[in-house]
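So this block is final.cif, mmCIF, C-alpha atoms and all ligand atoms:
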data_input
loop_
_atom_site.label_atom_id
_atom_site.label_comp_id
_atom_site.auth_asym_id
_atom_site.auth_seq_id
_atom_site.Cartn_x
_atom_site.Cartn_y
_atom_site.Cartn_z
CA MET A 1 -31.69 -32.71 31.66
CA LEU A 2 -32.55 -29.31 30.31
CA THR A 3 -35.11 -27.43 32.34
CA GLN A 4 -36.60 -25.23 29.67
CA VAL A 5 -38.39 -22.17 31.02
CA LYS A 6 -38.64 -20.15 27.80
CA LYS A 7 -40.03 -20.71 24.33
CA ALA A 8 -37.65 -21.10 21.39
CA PRO A 9 -36.23 -17.62 20.72
CA LYS A 10 -35.44 -15.93 17.43
CA LEU A 11 -31.64 -15.87 17.30
CA ALA A 12 -29.42 -13.35 15.53
CA LEU A 13 -25.82 -14.39 14.86
CA ILE A 14 -23.82 -11.18 14.54
CA LEU A 15 -20.56 -11.19 12.61
CA PRO A 16 -18.35 -8.10 12.50
CA ALA A 17 -16.19 -8.32 9.39
CA TYR A 18 -13.16 -6.28 8.42
CA ASN A 19 -11.33 -7.51 5.33
CA GLU A 20 -12.66 -11.05 5.68
CA GLU A 21 -13.08 -11.93 1.99
CA GLU A 22 -11.19 -15.19 2.43
CA MET A 23 -13.35 -16.43 5.29
CA LEU A 24 -16.85 -15.06 4.88
CA ASN A 25 -18.51 -17.61 2.56
CA HIS A 26 -17.09 -20.50 4.53
CA THR A 27 -18.12 -18.99 7.89
CA VAL A 28 -21.65 -18.23 6.75
CA ALA A 29 -22.18 -21.72 5.28
CA LYS A 30 -21.05 -23.29 8.54
CA LEU A 31 -23.26 -21.03 10.66
CA GLN A 32 -26.28 -21.69 8.45
CA GLY A 33 -25.85 -25.43 8.97
CA ILE A 34 -25.68 -25.04 12.73
CA LYS A 35 -28.64 -22.67 12.76
CA GLU A 36 -30.81 -24.99 10.65
CA ASN A 37 -30.10 -27.89 13.02
CA LEU A 38 -31.12 -25.79 16.01
CA ILE A 39 -34.35 -24.79 14.25
CA GLN A 40 -35.08 -28.47 13.46
CA GLU A 41 -34.54 -29.35 17.10
CA ASN A 42 -36.90 -26.53 18.08
CA ARG A 43 -34.25 -24.84 20.23
CA ILE A 44 -34.45 -21.59 18.23
CA ALA A 45 -37.33 -20.15 16.20
CA THR A 46 -37.68 -20.09 12.45
CA GLY A 47 -36.74 -16.65 11.22
CA SER A 48 -33.45 -16.77 13.15
CA PHE A 49 -30.84 -15.02 11.03
CA ILE A 50 -27.24 -14.02 10.44
CA LEU A 51 -26.31 -10.33 10.44
CA ILE A 52 -22.96 -9.37 8.93
CA VAL A 53 -21.55 -5.94 9.72
CA ASP A 54 -18.98 -4.68 7.25
CA ASP A 55 -16.64 -2.50 9.28
CA GLY A 56 -15.31 -0.46 6.38
CA SER A 57 -13.49 -3.32 4.61
CA LYS A 58 -11.15 -2.43 1.80
CA ASP A 59 -11.29 -5.80 0.05
CA GLN A 60 -14.19 -7.72 -1.51
CA THR A 61 -15.95 -8.34 1.83
CA TYR A 62 -18.93 -6.12 1.10
CA SER A 63 -19.62 -7.44 -2.39
CA ILE A 64 -19.46 -10.99 -1.01
CA MET A 65 -21.95 -9.89 1.64
CA GLN A 66 -24.28 -8.44 -0.99
CA THR A 67 -24.23 -11.70 -2.94
CA LEU A 68 -24.89 -13.70 0.23
CA GLU A 69 -27.79 -11.43 1.13
CA ARG A 70 -29.31 -11.71 -2.34
CA GLU A 71 -29.13 -15.47 -2.41
CA ASN A 72 -30.31 -16.22 1.14
CA ASN A 73 -33.33 -15.03 3.04
CA ASP A 74 -31.74 -15.60 6.44
CA ILE A 75 -28.86 -13.15 5.92
CA PHE A 76 -28.96 -9.44 6.61
CA ILE A 77 -26.14 -7.03 6.05
CA VAL A 78 -25.09 -3.66 7.35
CA LYS A 79 -22.26 -1.55 5.95
CA LEU A 80 -20.51 1.00 8.15
CA SER A 81 -19.23 4.10 6.36
CA ARG A 82 -15.61 3.50 7.41
CA ASN A 83 -13.54 1.30 9.69
CA PHE A 84 -14.84 2.10 13.20
CA GLY A 85 -13.21 -0.87 14.94
CA HIS A 86 -14.36 -4.21 16.28
CA GLN A 87 -16.19 -2.90 19.38
CA PRO A 88 -18.28 -0.22 17.60
CA ALA A 89 -19.03 -2.74 14.85
CA LEU A 90 -20.44 -5.09 17.51
CA ILE A 91 -22.62 -2.31 18.92
CA ALA A 92 -23.85 -1.51 15.41
CA GLY A 93 -24.74 -5.17 14.91
CA LEU A 94 -26.53 -5.42 18.25
CA THR A 95 -28.49 -2.22 17.62
CA GLU A 96 -29.75 -3.50 14.29
CA ALA A 97 -30.24 -7.17 15.16
CA ILE A 98 -32.29 -6.53 18.28
CA LYS A 99 -34.99 -4.89 16.15
CA LEU A 100 -35.89 -8.39 14.99
CA ALA A 101 -34.29 -10.90 17.35
CA ASP A 102 -35.06 -12.18 20.85
CA ILE A 103 -31.45 -13.14 21.53
CA THR A 104 -28.11 -12.33 19.93
CA ILE A 105 -24.78 -14.11 19.71
CA THR A 106 -21.75 -12.11 18.62
CA LEU A 107 -18.85 -14.03 17.16
CA ASP A 108 -15.78 -13.47 15.00
CA ALA A 109 -16.10 -13.84 11.24
CA ASP A 110 -12.97 -16.03 11.09
CA LEU A 111 -14.53 -19.05 12.89
CA GLN A 112 -12.04 -18.80 15.76
CA ASP A 113 -15.06 -18.69 18.07
CA SER A 114 -16.16 -22.33 17.71
CA PRO A 115 -19.75 -22.19 16.43
CA GLU A 116 -20.25 -25.78 17.64
CA ILE A 117 -21.09 -24.45 21.12
CA ILE A 118 -23.89 -22.15 19.94
CA GLY A 119 -26.44 -24.83 20.83
CA LYS A 120 -25.08 -25.09 24.38
CA MET A 121 -25.24 -21.31 24.72
CA VAL A 122 -28.87 -21.26 23.60
CA ASP A 123 -29.67 -24.00 26.13
CA LYS A 124 -28.22 -21.85 28.93
CA TYR A 125 -30.53 -19.04 27.81
CA LEU A 126 -33.50 -21.41 27.80
CA GLU A 127 -32.59 -22.36 31.36
CA GLY A 128 -33.13 -18.75 32.39
CA ASN A 129 -29.85 -16.87 31.80
CA GLU A 130 -29.86 -13.45 30.14
CA ILE A 131 -26.15 -13.50 29.29
CA VAL A 132 -23.99 -16.49 28.35
CA TYR A 133 -20.22 -16.00 28.16
CA ALA A 134 -18.17 -18.28 25.93
CA VAL A 135 -14.89 -18.87 27.74
CA ARG A 136 -11.68 -20.35 26.32
CA SER A 137 -10.79 -23.47 28.25
CA SER A 138 -7.13 -23.24 27.21
CA ARG A 139 -4.89 -20.94 25.26
CA GLN A 140 -2.94 -23.64 23.42
CA THR A 141 -3.27 -21.93 20.05
CA ASP A 142 -1.81 -18.66 21.39
CA THR A 143 1.82 -17.59 21.26
CA TRP A 144 3.80 -17.54 24.52
CA PHE A 145 3.63 -13.76 24.52
CA LYS A 146 -0.13 -13.52 23.99
CA LYS A 147 -0.81 -16.17 26.64
CA ASN A 148 1.28 -14.43 29.29
CA SER A 149 0.29 -10.89 28.46
CA ALA A 150 -3.37 -11.91 28.63
CA MET A 151 -2.81 -13.53 32.02
CA ALA A 152 -1.04 -10.42 33.34
CA PHE A 153 -3.84 -8.26 31.99
CA TYR A 154 -6.59 -10.23 33.76
CA LYS A 155 -4.59 -10.29 37.03
CA MET A 156 -4.10 -6.53 36.88
CA ALA A 157 -7.75 -5.89 36.02
CA ASP A 158 -8.81 -8.06 38.95
CA TRP A 159 -6.46 -6.20 41.30
CA LEU A 160 -7.84 -2.88 40.09
CA GLY A 161 -11.37 -4.08 40.87
CA ILE A 162 -12.57 -4.42 37.28
CA GLU A 163 -15.00 -7.28 36.93
CA MET A 164 -14.30 -9.40 33.87
CA VAL A 165 -14.72 -13.03 32.91
CA PRO A 166 -11.14 -14.25 32.34
CA ASN A 167 -10.48 -15.72 28.89
CA HIS A 168 -13.76 -14.47 27.52
CA ALA A 169 -13.64 -12.00 24.66
CA ASP A 170 -16.69 -10.96 22.70
CA PHE A 171 -18.19 -14.36 21.92
CA ARG A 172 -21.37 -14.13 23.98
CA LEU A 173 -25.10 -14.59 23.97
CA MET A 174 -27.30 -11.75 25.17
CA SER A 175 -31.06 -11.63 25.52
CA LYS A 176 -33.09 -8.68 24.35
CA VAL A 177 -33.25 -7.13 27.84
CA ALA A 178 -29.50 -7.42 28.27
CA VAL A 179 -28.81 -5.92 24.84
CA GLN A 180 -31.17 -3.02 25.52
CA ALA A 181 -29.49 -2.35 28.85
CA LEU A 182 -26.08 -2.42 27.19
CA LEU A 183 -27.18 -0.07 24.42
CA ALA A 184 -28.48 2.35 27.05
CA MET A 185 -24.92 2.79 28.39
CA PRO A 186 -23.79 6.16 27.08
CA GLU A 187 -20.05 5.61 26.96
CA ARG A 188 -17.84 6.09 23.93
CA ASN A 189 -14.71 4.28 25.06
CA LEU A 190 -16.02 0.80 24.48
CA PHE A 191 -14.70 -2.23 26.30
CA LEU A 192 -17.62 -4.61 26.07
CA ARG A 193 -16.13 -7.44 28.07
CA ALA A 194 -16.05 -5.19 31.14
CA MET A 195 -19.31 -3.36 30.36
CA VAL A 196 -21.46 -6.49 30.05
CA PRO A 197 -20.70 -7.84 33.57
CA LEU A 198 -21.75 -4.42 34.91
CA LEU A 199 -25.28 -5.08 33.63
CA GLY A 200 -25.70 -7.65 36.34
CA TYR A 201 -28.25 -10.04 34.86
CA LYS A 202 -28.26 -13.77 35.53
CA SER A 203 -25.42 -15.24 33.50
CA ASP A 204 -23.55 -18.46 32.91
CA LYS A 205 -20.48 -19.70 31.02
CA VAL A 206 -19.86 -22.23 28.30
CA TYR A 207 -16.30 -23.45 27.63
CA TYR A 208 -14.64 -23.98 24.24
CA GLU A 209 -11.27 -24.43 22.57
CA ARG A 210 -10.43 -21.45 20.42
CA ALA A 211 -9.31 -22.52 16.96
CA LYS A 212 -6.53 -20.98 14.87
CA ARG A 213 -7.58 -18.49 12.21
CA GLU A 214 -8.06 -20.54 9.03
CA ALA A 215 -7.47 -17.79 6.49
CA GLY A 216 -6.73 -14.08 6.31
CA THR A 217 -4.76 -12.26 9.00
CA SER A 218 -5.47 -10.98 12.50
CA LYS A 219 -6.72 -7.41 12.62
CA TYR A 220 -5.38 -7.03 16.14
CA PRO A 221 -1.65 -6.39 15.83
CA LEU A 222 0.37 -5.83 19.03
CA LYS A 223 -0.02 -2.05 18.98
CA LYS A 224 -3.81 -2.28 18.74
CA MET A 225 -3.88 -4.94 21.47
CA ILE A 226 -1.89 -2.78 23.91
CA ASN A 227 -4.07 0.24 23.20
CA PHE A 228 -7.15 -1.89 23.79
CA ALA A 229 -5.84 -3.14 27.14
CA VAL A 230 -4.86 0.35 28.35
CA ASP A 231 -8.22 1.64 27.20
CA GLY A 232 -10.01 -1.12 29.08
CA ILE A 233 -8.24 -0.38 32.34
CA THR A 234 -8.47 3.40 32.25
CA SER A 235 -12.15 3.23 31.29
CA PHE A 236 -13.09 1.13 34.26
CA SER A 237 -10.83 2.04 37.16
CA VAL A 238 -9.62 5.23 38.80
CA LYS A 239 -7.26 3.23 41.02
CA PRO A 240 -4.15 4.34 39.05
CA ILE A 241 -4.88 7.94 40.11
CA LYS A 242 -5.23 6.91 43.75
CA LEU A 243 -1.97 4.95 43.55
CA LEU A 244 -0.18 8.01 42.21
CA PHE A 245 -1.51 10.07 45.07
CA ASN A 246 -0.21 7.53 47.60
CA LEU A 247 3.13 7.40 45.83
CA GLY A 248 3.28 11.19 46.02
CA LEU A 249 2.72 11.02 49.79
CA VAL A 250 5.54 8.49 50.24
CA VAL A 251 7.92 10.55 48.10
CA SER A 252 7.20 13.77 49.95
CA SER A 253 7.70 12.12 53.33
CA ILE A 254 11.14 10.96 52.11
CA ALA A 255 11.87 14.61 51.26
CA GLY A 256 10.79 15.48 54.83
CA ILE A 257 13.32 13.01 56.25
CA GLU A 258 15.98 14.51 53.97
CA ILE A 259 15.24 18.01 55.25
CA ALA A 260 15.46 16.88 58.85
CA TYR A 261 18.75 15.11 58.11
CA THR A 262 20.19 18.22 56.45
CA ILE A 263 19.23 20.38 59.43
CA VAL A 264 20.89 17.95 61.83
CA GLU A 265 24.01 17.89 59.61
CA LYS A 266 24.12 21.68 59.59
CA LEU A 267 23.71 21.84 63.38
CA ILE A 268 26.61 19.49 64.03
CA GLY A 269 28.57 21.54 61.48
CA ASN A 270 29.42 18.80 58.99
CA PRO A 271 27.50 19.53 55.76
CA THR A 272 28.40 17.49 52.63
CA ALA A 273 28.33 18.82 49.10
CA GLY A 274 25.57 16.53 47.85
CA TRP A 275 25.91 16.43 44.09
CA SER A 276 24.62 12.88 43.62
CA SER A 277 21.67 13.20 45.97
CA LEU A 278 20.68 16.37 44.19
CA MET A 279 20.84 14.78 40.75
CA ILE A 280 18.96 11.68 41.89
CA SER A 281 16.21 13.82 43.40
CA ILE A 282 15.83 15.86 40.23
CA TRP A 283 15.57 12.81 38.00
CA LEU A 284 13.32 10.92 40.36
CA LEU A 285 10.91 13.77 40.87
CA GLY A 286 11.02 14.71 37.19
CA GLY A 287 10.10 11.13 36.30
CA LEU A 288 7.31 11.00 38.84
CA ASN A 289 5.91 14.27 37.58
CA LEU A 290 5.88 13.00 34.05
CA MET A 291 4.17 9.79 35.11
CA ALA A 292 1.55 11.72 37.00
CA ILE A 293 0.88 14.00 34.07
CA GLY A 294 0.63 10.97 31.79
CA VAL A 295 -1.95 9.25 33.95
CA ILE A 296 -4.00 12.39 34.49
CA GLY A 297 -3.76 13.07 30.76
CA THR A 298 -5.26 9.67 30.03
CA TYR A 299 -8.31 10.44 32.12
CA VAL A 300 -8.64 13.95 30.72
CA GLY A 301 -8.54 12.35 27.27
CA LYS A 302 -11.42 10.08 28.26
CA VAL A 303 -13.48 13.01 29.51
CA PHE A 304 -12.75 14.72 26.23
CA THR A 305 -13.99 11.83 24.08
CA GLU A 306 -17.03 11.13 26.27
CA VAL A 307 -18.10 14.78 26.30
CA LYS A 308 -17.95 14.99 22.54
CA SER A 309 -20.65 12.28 22.36
CA ARG A 310 -19.90 11.42 18.78
CA PRO A 311 -22.00 8.63 17.31
CA LEU A 312 -20.30 5.28 17.69
CA PHE A 313 -21.11 4.22 14.17
CA ARG A 314 -22.92 5.36 11.13
CA ILE A 315 -24.74 2.97 8.86
CA GLU A 316 -24.25 3.66 5.21
CA ALA A 317 -26.51 1.02 3.69
CA GLU A 318 -29.10 -1.40 5.00
CA THR A 319 -31.34 -3.74 3.08
CA GLY A 320 -34.46 -5.86 3.32
CA VAL A 321 -36.44 -6.26 6.53
CA LEU A 322 -33.93 -4.28 8.62
CA ALA A 323 -34.46 -1.11 6.63
CA THR A 324 -38.20 -1.13 7.29
CA ALA A 325 -38.22 -2.53 10.86
CA ALA A 326 -39.35 -0.06 13.49
CA PRO A 327 -36.63 1.17 15.82
CA GLU A 328 -36.71 0.17 19.48
CA GLY A 329 -39.45 1.78 21.57
CA SER A 330 -41.54 3.19 18.72
N1 LIG A 401 -12.87 -6.71 13.13
C1 LIG A 401 -13.67 -5.62 12.82
N2 LIG A 401 -13.11 -4.37 12.78
C2 LIG A 401 -11.78 -4.17 13.04
C3 LIG A 401 -10.97 -5.29 13.39
C4 LIG A 401 -11.55 -6.54 13.42
O1 LIG A 401 -14.88 -5.76 12.60
O2 LIG A 401 -11.33 -3.02 12.96
C5 LIG A 401 -13.48 -8.07 13.17
C6 LIG A 401 -12.76 -9.14 12.36
O3 LIG A 401 -13.21 -9.14 11.01
C7 LIG A 401 -13.13 -10.40 13.10
C8 LIG A 401 -13.21 -9.95 14.55
O4 LIG A 401 -13.38 -8.53 14.51
O5 LIG A 401 -14.39 -10.89 12.72
C9 LIG A 401 -11.97 -10.30 15.36
O6 LIG A 401 -10.80 -9.82 14.69
P1 LIG A 401 -9.50 -10.71 14.49
O7 LIG A 401 -9.87 -12.10 14.14
O8 LIG A 401 -8.63 -10.02 13.52
O9 LIG A 401 -8.86 -10.64 15.95
P2 LIG A 401 -8.05 -11.81 16.72
O10 LIG A 401 -8.89 -13.05 16.62
O11 LIG A 401 -6.77 -11.95 16.00
O12 LIG A 401 -7.93 -11.30 18.11
MG MG A 402 -9.60 -13.86 14.92
#

In structure tokens, write the structure found in this file.
Ligand code: UDP
Ligand code: MG
Amino acid sequence: MLTQVKKAPKLALILPAYNEEEMLNHTVAKLQGIKENLIQENRIATGSFILIVDDGSKDQTYSIMQTLERENNDIFIVKLSRNFGHQPALIAGLTEAIKLADITITLDADLQDSPEIIGKMVDKYLEGNEIVYAVRSSRQTDTWFKKNSAMAFYKMADWLGIEMVPNHADFRLMSKVAVQALLAMPERNLFLRAMVPLLGYKSDKVYYERAKREAGTSKYPLKKMINFAVDGITSFSVKPIKLLFNLGLVVSSIAGIEIAYTIVEKLIGNPTAGWSSLMISIWLLGGLNLMAIGVIGTYVGKVFTEVKSRPLFRIEAETGVLATAAPEGS
């Protein structure tokens, strides 16, 4: 039995879209159906809406969005001036949606994030949670590689002390307070799935089976995925630097033993011409130096991007109620 402690909230469904012309109409129709049902059941308020963020698409996505917006009064659209990436597009959507909504749910425009569980997520909010994570109950639709690399990634993140909800991506419900707290975080290197747990509000999980993409192609090729994972780890943990330091200590103590050994050898008058040991040392130390520089470089790079404080996104066009709504805090 649902113990409802809050009144029906105004919900914003936020869809980041990059070259989603094949999916958009279908996705929106499906979401509208689900939303209408929830309004009928009095679980969300009338005036709940869908906000589509065009992340610099090069296909017909934006013109489809414009048509959808014209023909429906529950659809708002935002167009970013270029492709900023999935995470900045989500922040853009949250920034705009929270002007009008009490709660937000971010989900992919390709329907891989099963919209059937939206109702369950709203119920968890009504029970008193500020954040509701949608978690994949299995990874059956993933390739062997994606499944295992994801598992390794979560294990490593856990070991490095980064708090994350395993098998949760960016399909989540956030209340207005949680969104405002997230938007107050000043960082530029975005990794939302590790930033949101840092907020620390009461949260819960809802499980779902992630579907296969029905049309169009994934915008996360391997290279982008690896960059994203490296970014996530280096943005949230300084443990790699500490590990390097410890490794440096171990390596130098080995050199100490070598020196002592050489002295002893000299004293007993039996020195060997150590070509191989010399070469091994050079390569080993050279490699370690390079690794160290690489890791330090990563962090310096982060400092560089954070210090620049460039805006995360820039809205090129905005229509209807959103354009006239007062910004937060005014
Ligand atoms: N997306 C975006 N900007 C990008 C890449 C992706 O807004 O630069 C959107 C995309 O349209 C989709 C969501 O982010 O709604 C997830 O992308 P995708 O489905 O390609 O990722 P996958 O499900 O393959 O991990
Ligand atoms: Mg997808």

Practice item. Please identify every polymer residue within 8 Å of ligand LIG 401 (chain A), using all atoms listed in the file, and present the set as number ranges by chain. Key: A: 15-20, 53-56, 83-87, 89-90, 107-110, 112, 213, 217-221

Print the selection's residues with C-alpha atoms to a file, as a compact mmCIF listing (two decimals), in the frame of the given file.
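Output file part.txt is given in full below:
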# COMPACT_ATOMS: atom_id res chain seq x y z
CA LEU A 15 -20.56 -11.19 12.61
CA PRO A 16 -18.35 -8.10 12.50
CA ALA A 17 -16.19 -8.32 9.39
CA TYR A 18 -13.16 -6.28 8.42
CA ASN A 19 -11.33 -7.51 5.33
CA GLU A 20 -12.66 -11.05 5.68
CA VAL A 53 -21.55 -5.94 9.72
CA ASP A 54 -18.98 -4.68 7.25
CA ASP A 55 -16.64 -2.50 9.28
CA GLY A 56 -15.31 -0.46 6.38
CA ASN A 83 -13.54 1.30 9.69
CA PHE A 84 -14.84 2.10 13.20
CA GLY A 85 -13.21 -0.87 14.94
CA HIS A 86 -14.36 -4.21 16.28
CA GLN A 87 -16.19 -2.90 19.38
CA ALA A 89 -19.03 -2.74 14.85
CA LEU A 90 -20.44 -5.09 17.51
CA LEU A 107 -18.85 -14.03 17.16
CA ASP A 108 -15.78 -13.47 15.00
CA ALA A 109 -16.10 -13.84 11.24
CA ASP A 110 -12.97 -16.03 11.09
CA GLN A 112 -12.04 -18.80 15.76
CA ARG A 213 -7.58 -18.49 12.21
CA THR A 217 -4.76 -12.26 9.00
CA SER A 218 -5.47 -10.98 12.50
CA LYS A 219 -6.72 -7.41 12.62
CA TYR A 220 -5.38 -7.03 16.14
CA PRO A 221 -1.65 -6.39 15.83

Review point. Using only C-alpha atoms, which residues sit within 10 Å of A:Asp102 once same-chain residues fewer than 4 positions away are excluded, as number ranges by chain?
Key: A: 8-12, 44-45, 48, 97-98, 174-177, 179

**Study point:** For ligand MG 402 (chain A), the nearest of the candidates A:Asn148, A:Ser237, A:Ser114, A:Ser253, counting all atoms listed in the file
**Key:**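 Comparing A:Asn148, A:Ser237, A:Ser114, A:Ser253 against ligand MG 402 (chain A), the winner is A:Ser114.
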
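Using all atoms listed in the file, the nearest neighbour of ligand MG 402 (chain A) within the list A:Ser235, A:Ser63, A:Asn73, A:Thr141 is A:Thr141.
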
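If you measure from each of A:Leu24, A:Ile280, A:Ala211, A:Ile233 to ligand MG 402 (chain A) using all atoms listed in the file, the closest one turns out to be A:Ala211.
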
Check your understanding: What is the atom CA of A:Met151-atom CA of A:Asn167 distance in Å, reported with one decimal?
Key ->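 Distance reported for this atom pair: 8.6 Å.
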
Could the centre and edge lengths of an axis-aligned box, enclosing all atoms of stretch 183-200 of chain A in the file with 8 Å extra on each side, be given in Å to one decimal as JSON?
{"center_x": -21.6, "center_y": -0.8, "center_z": 30.1, "size_x": 29.8, "size_y": 30.0, "size_z": 28.4}

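In this structure, atom CA of A:Lys147 sits 15.6 Å away from atom CA of A:Val165.
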
Check your understanding: Between atom CA of A:Ile64 and atom CA of A:Arg314, what is the distance, to one decimal in Å?
Key -> 20.7 Å

Exercise for review: Within 12 Å of A:Thr262, counting only C-alpha atoms, which residues show up once you throw out same-chain ones fewer than 4 positions away? Write them as an MDAnalysis selection string, please.
Suggested key: chainID A and resid 255:258 266:274 277

Point to revise | Nearest residue to A:Ile241 from the set A:Gly287, A:Gly93, A:Gly294, A:Gly161 (distances using all atoms listed in the file) | key: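 Ranked by minimum distance to A:Ile241, first place goes to A:Gly294.
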
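Remark: for ligand MG 402 (chain A), the closest of the candidate residues A:Gln40, A:Asp113, A:Ala157, A:Ser137 is A:Asp113 (distances computed over only C-alpha atoms and all ligand atoms).
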
Selection near A:Ala29, 12 Å with all atoms listed in the file, sequence-local residues under 6 positions removed, as a PDB file with C-alpha atoms, keeping the file's coordinate frame:
ATOM      1  CA  MET A  23     -13.350 -16.430   5.290  1.00  0.00           C
ATOM      2  CA  LYS A  35     -28.640 -22.670  12.760  1.00  0.00           C
ATOM      3  CA  GLU A  36     -30.810 -24.990  10.650  1.00  0.00           C
ATOM      4  CA  ILE A  50     -27.240 -14.020  10.440  1.00  0.00           C
ATOM      5  CA  LEU A  68     -24.890 -13.700   0.230  1.00  0.00           C
ATOM      6  CA  ASN A  72     -30.310 -16.220   1.140  1.00  0.00           C
ATOM      7  CA  ASP A  74     -31.740 -15.600   6.440  1.00  0.00           C
ATOM      8  CA  ILE A  75     -28.860 -13.150   5.920  1.00  0.00           C
ATOM      9  CA  ALA A 109     -16.100 -13.840  11.240  1.00  0.00           C
ATOM     10  CA  LEU A 111     -14.530 -19.050  12.890  1.00  0.00           C
ATOM     11  CA  PRO A 115     -19.750 -22.190  16.430  1.00  0.00           C
TER      12      PRO A 115
END

Exercise for review: May I have the residues within 6 Å of A:Asn129 as number ranges by chain, using all atoms listed in the file and disregarding those fewer than 4 positions away in the same chain?
Suggested key: A: 124-125, 202-203

Review point. So which residues touch A:Leu288 within 12 Å, counting all atoms listed in the file, skipping near sequence neighbours fewer than 4 positions away, as an NGL selection string?
Key: :A and (244-245 or 247-252 or 281-284 or 292-295)

Check your understanding: Between A:Ala215, A:Val135, A:Leu322, A:Ile162, which is the closest to ligand MG 402 (chain A) once you count all atoms listed in the file?
Key ->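 For ligand MG 402 (chain A), the nearest of the given residues is A:Ala215.
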